[in-house]
Amino acid sequence: MRCTEEAIVDSTTPDEIALRIAVDLACRAPSVHNSQPWQWKYADGQLDLYTDSGRLLASADPSGRQMVISCGAALNHLQTALTALKWSAGIQRVPEGPHSGHLATIRFRHDARPQSHDFDLLAAIRHRHSDRRPFGPVSVKTPLPSHLDDLVQRYGVHLTVLGQHARPSLAEATEITAAARKYDSAYQTELHWWAGHSLPQGGIPADALATADNRDRVDIGRRFPVGRDNSGTTGIDRSTVLVLSSDTDGRGEWLRTGEALSALLLEATVAGLSTCPLTHMTELRQGRDIIRGLIPDRGVPQALVRVGITEKKSPPRQTPRRPLDSVFSIGHRHGAR
């Protein structure tokens, strides 16, 4: 849907240029298979976020959980962009209930006072990318940010940092998932539709996927099609794995998990770390049960992230994005004058 030509003139809300900048940056958020399953609609001082059901991954994500997590990441990216533009966002989450595709209503206040770190986070939106190559370990020189736990708790989400002792269990969850999906033709067709070739408005191009050698060095990654990205460390993956979990399971928790995921990824990027969200291990019950046993509160595991360093600084090719006018529209509410 295309934006109307009418400008936004209310001084209590961002003008059209600022809104377009903020939404464009929000759409740089990570999403499952780079499906970008969101729609933004602005009218009369209010911005609304909806799922785009046409981009649901019916085989990998039939419940829409990862779709909502992806939208939550975009919502946090939006907040980050607005803060740098000196706007605060008041957010009402799932305003029409837990079964609606209407995920958030955002209203604005021109009272943000961005600090230098806020601009670092803004820059991280452009620099962040999912890196599927093997990582070197976090270290004293490039440690995990110390405040990550407090950061994700703002969203009612729990963070667990898994030690190397958990690696065999993670590999087992990966193998169980891969085995269950090996002969699932619908899943395989869906995966190869989104990954391994160039789509003009989404998906993961081959240049952003690891070569066979690099893929085999990451024992806990999704079995994506073989790609062309052959840079990175020459050893096996030595990343640290983080788990985001919630107390209960529903659209509100999924949305907040996505917000926490975005905040975590941007902070890690500012710290000079490489990241790769892992979603496959929580798609099937068997994998989720294994992950549940690794977290102390035995909550509901929602998302995992590999974090580490890469020896070579050339990043994978950034994945394509949908045109802004296809995901963002401006109009008026019914009955408004």
# chains A, B, ... in the order shown; residues from 1 in each chain; ligands from 1
call {"tool": "select_by_dssp", "arguments": {"residues": "range 203-299 of chain A", "states": "strand (DSSP E or B)", "output": "JSON, numbers by chain"}}
result
{"A": [204, 210, 229, 240, 241, 242, 243, 244, 245, 246, 274, 275, 276, 277, 278]}
call {"tool": "closest_residue", "arguments": {"among": "A:Ala166, A:Ala22, A:Ala74, A:Ile17", "to": "Gln39 in chain A", "atoms": "only C-alpha atoms"}}
result
A:Ala74
call {"tool": "closest_atom_pairs", "arguments": {"of": "range 103-164 of chain A", "to": "range 272-275 of chain A", "cutoff": "10 Å", "atoms": "only C-alpha atoms", "output": "Markdown table"}}
result
| residue | atom | partner | partner_atom | distance |
| --- | --- | --- | --- | --- |
| A:Ala124 | CA | A:Gly272 | CA | 9.8 |
| A:Arg128 | CA | A:Ser274 | CA | 8.2 |
| A:His129 | CA | A:Thr275 | CA | 7.4 |
| A:Ser130 | CA | A:Thr275 | CA | 5.9 |
| A:Asp131 | CA | A:Thr275 | CA | 6.0 |
| A:Arg132 | CA | A:Thr275 | CA | 8.3 |
| A:Arg133 | CA | A:Ser274 | CA | 9.5 |
| A:Pro134 | CA | A:Ser274 | CA | 9.9 |
| A:Phe135 | CA | A:Ser274 | CA | 7.6 |
| A:Gly136 | CA | A:Ser274 | CA | 9.4 |
| A:Pro137 | CA | A:Leu273 | CA | 9.7 |
| A:Val138 | CA | A:Leu273 | CA | 7.8 |
| A:Lys141 | CA | A:Gly272 | CA | 10.0 |
| A:Thr142 | CA | A:Gly272 | CA | 6.9 |
| A:Pro143 | CA | A:Leu273 | CA | 8.3 |
| A:Leu144 | CA | A:Leu273 | CA | 8.0 |
| A:Pro145 | CA | A:Leu273 | CA | 9.7 |
call {"tool": "residues_around", "arguments": {"residues": "Ala212 in chain A", "least_positions_apart": "4", "cutoff": "9 Å", "atoms": "only C-alpha atoms", "output": "list in words"}}
result
Asp216, Arg217, Pro225, Val226, Gly227, Arg228 and Asn230 of chain A
call {"tool": "atom_distance", "arguments": {"atom1": "CA of Arg109 in chain A", "atom2": "CA of Asp15 in chain A"}}
result
12.4 Å
call {"tool": "atom_distance", "arguments": {"atom1": "CA of Ile69 in chain A", "atom2": "CA of Gly258 in chain A"}}
result
4.1 Å
call {"tool": "closest_residue", "arguments": {"among": "A:His127, A:Arg107, A:His332, A:Arg306", "to": "Leu162 in chain A", "atoms": "only C-alpha atoms"}}
result
A:Arg306
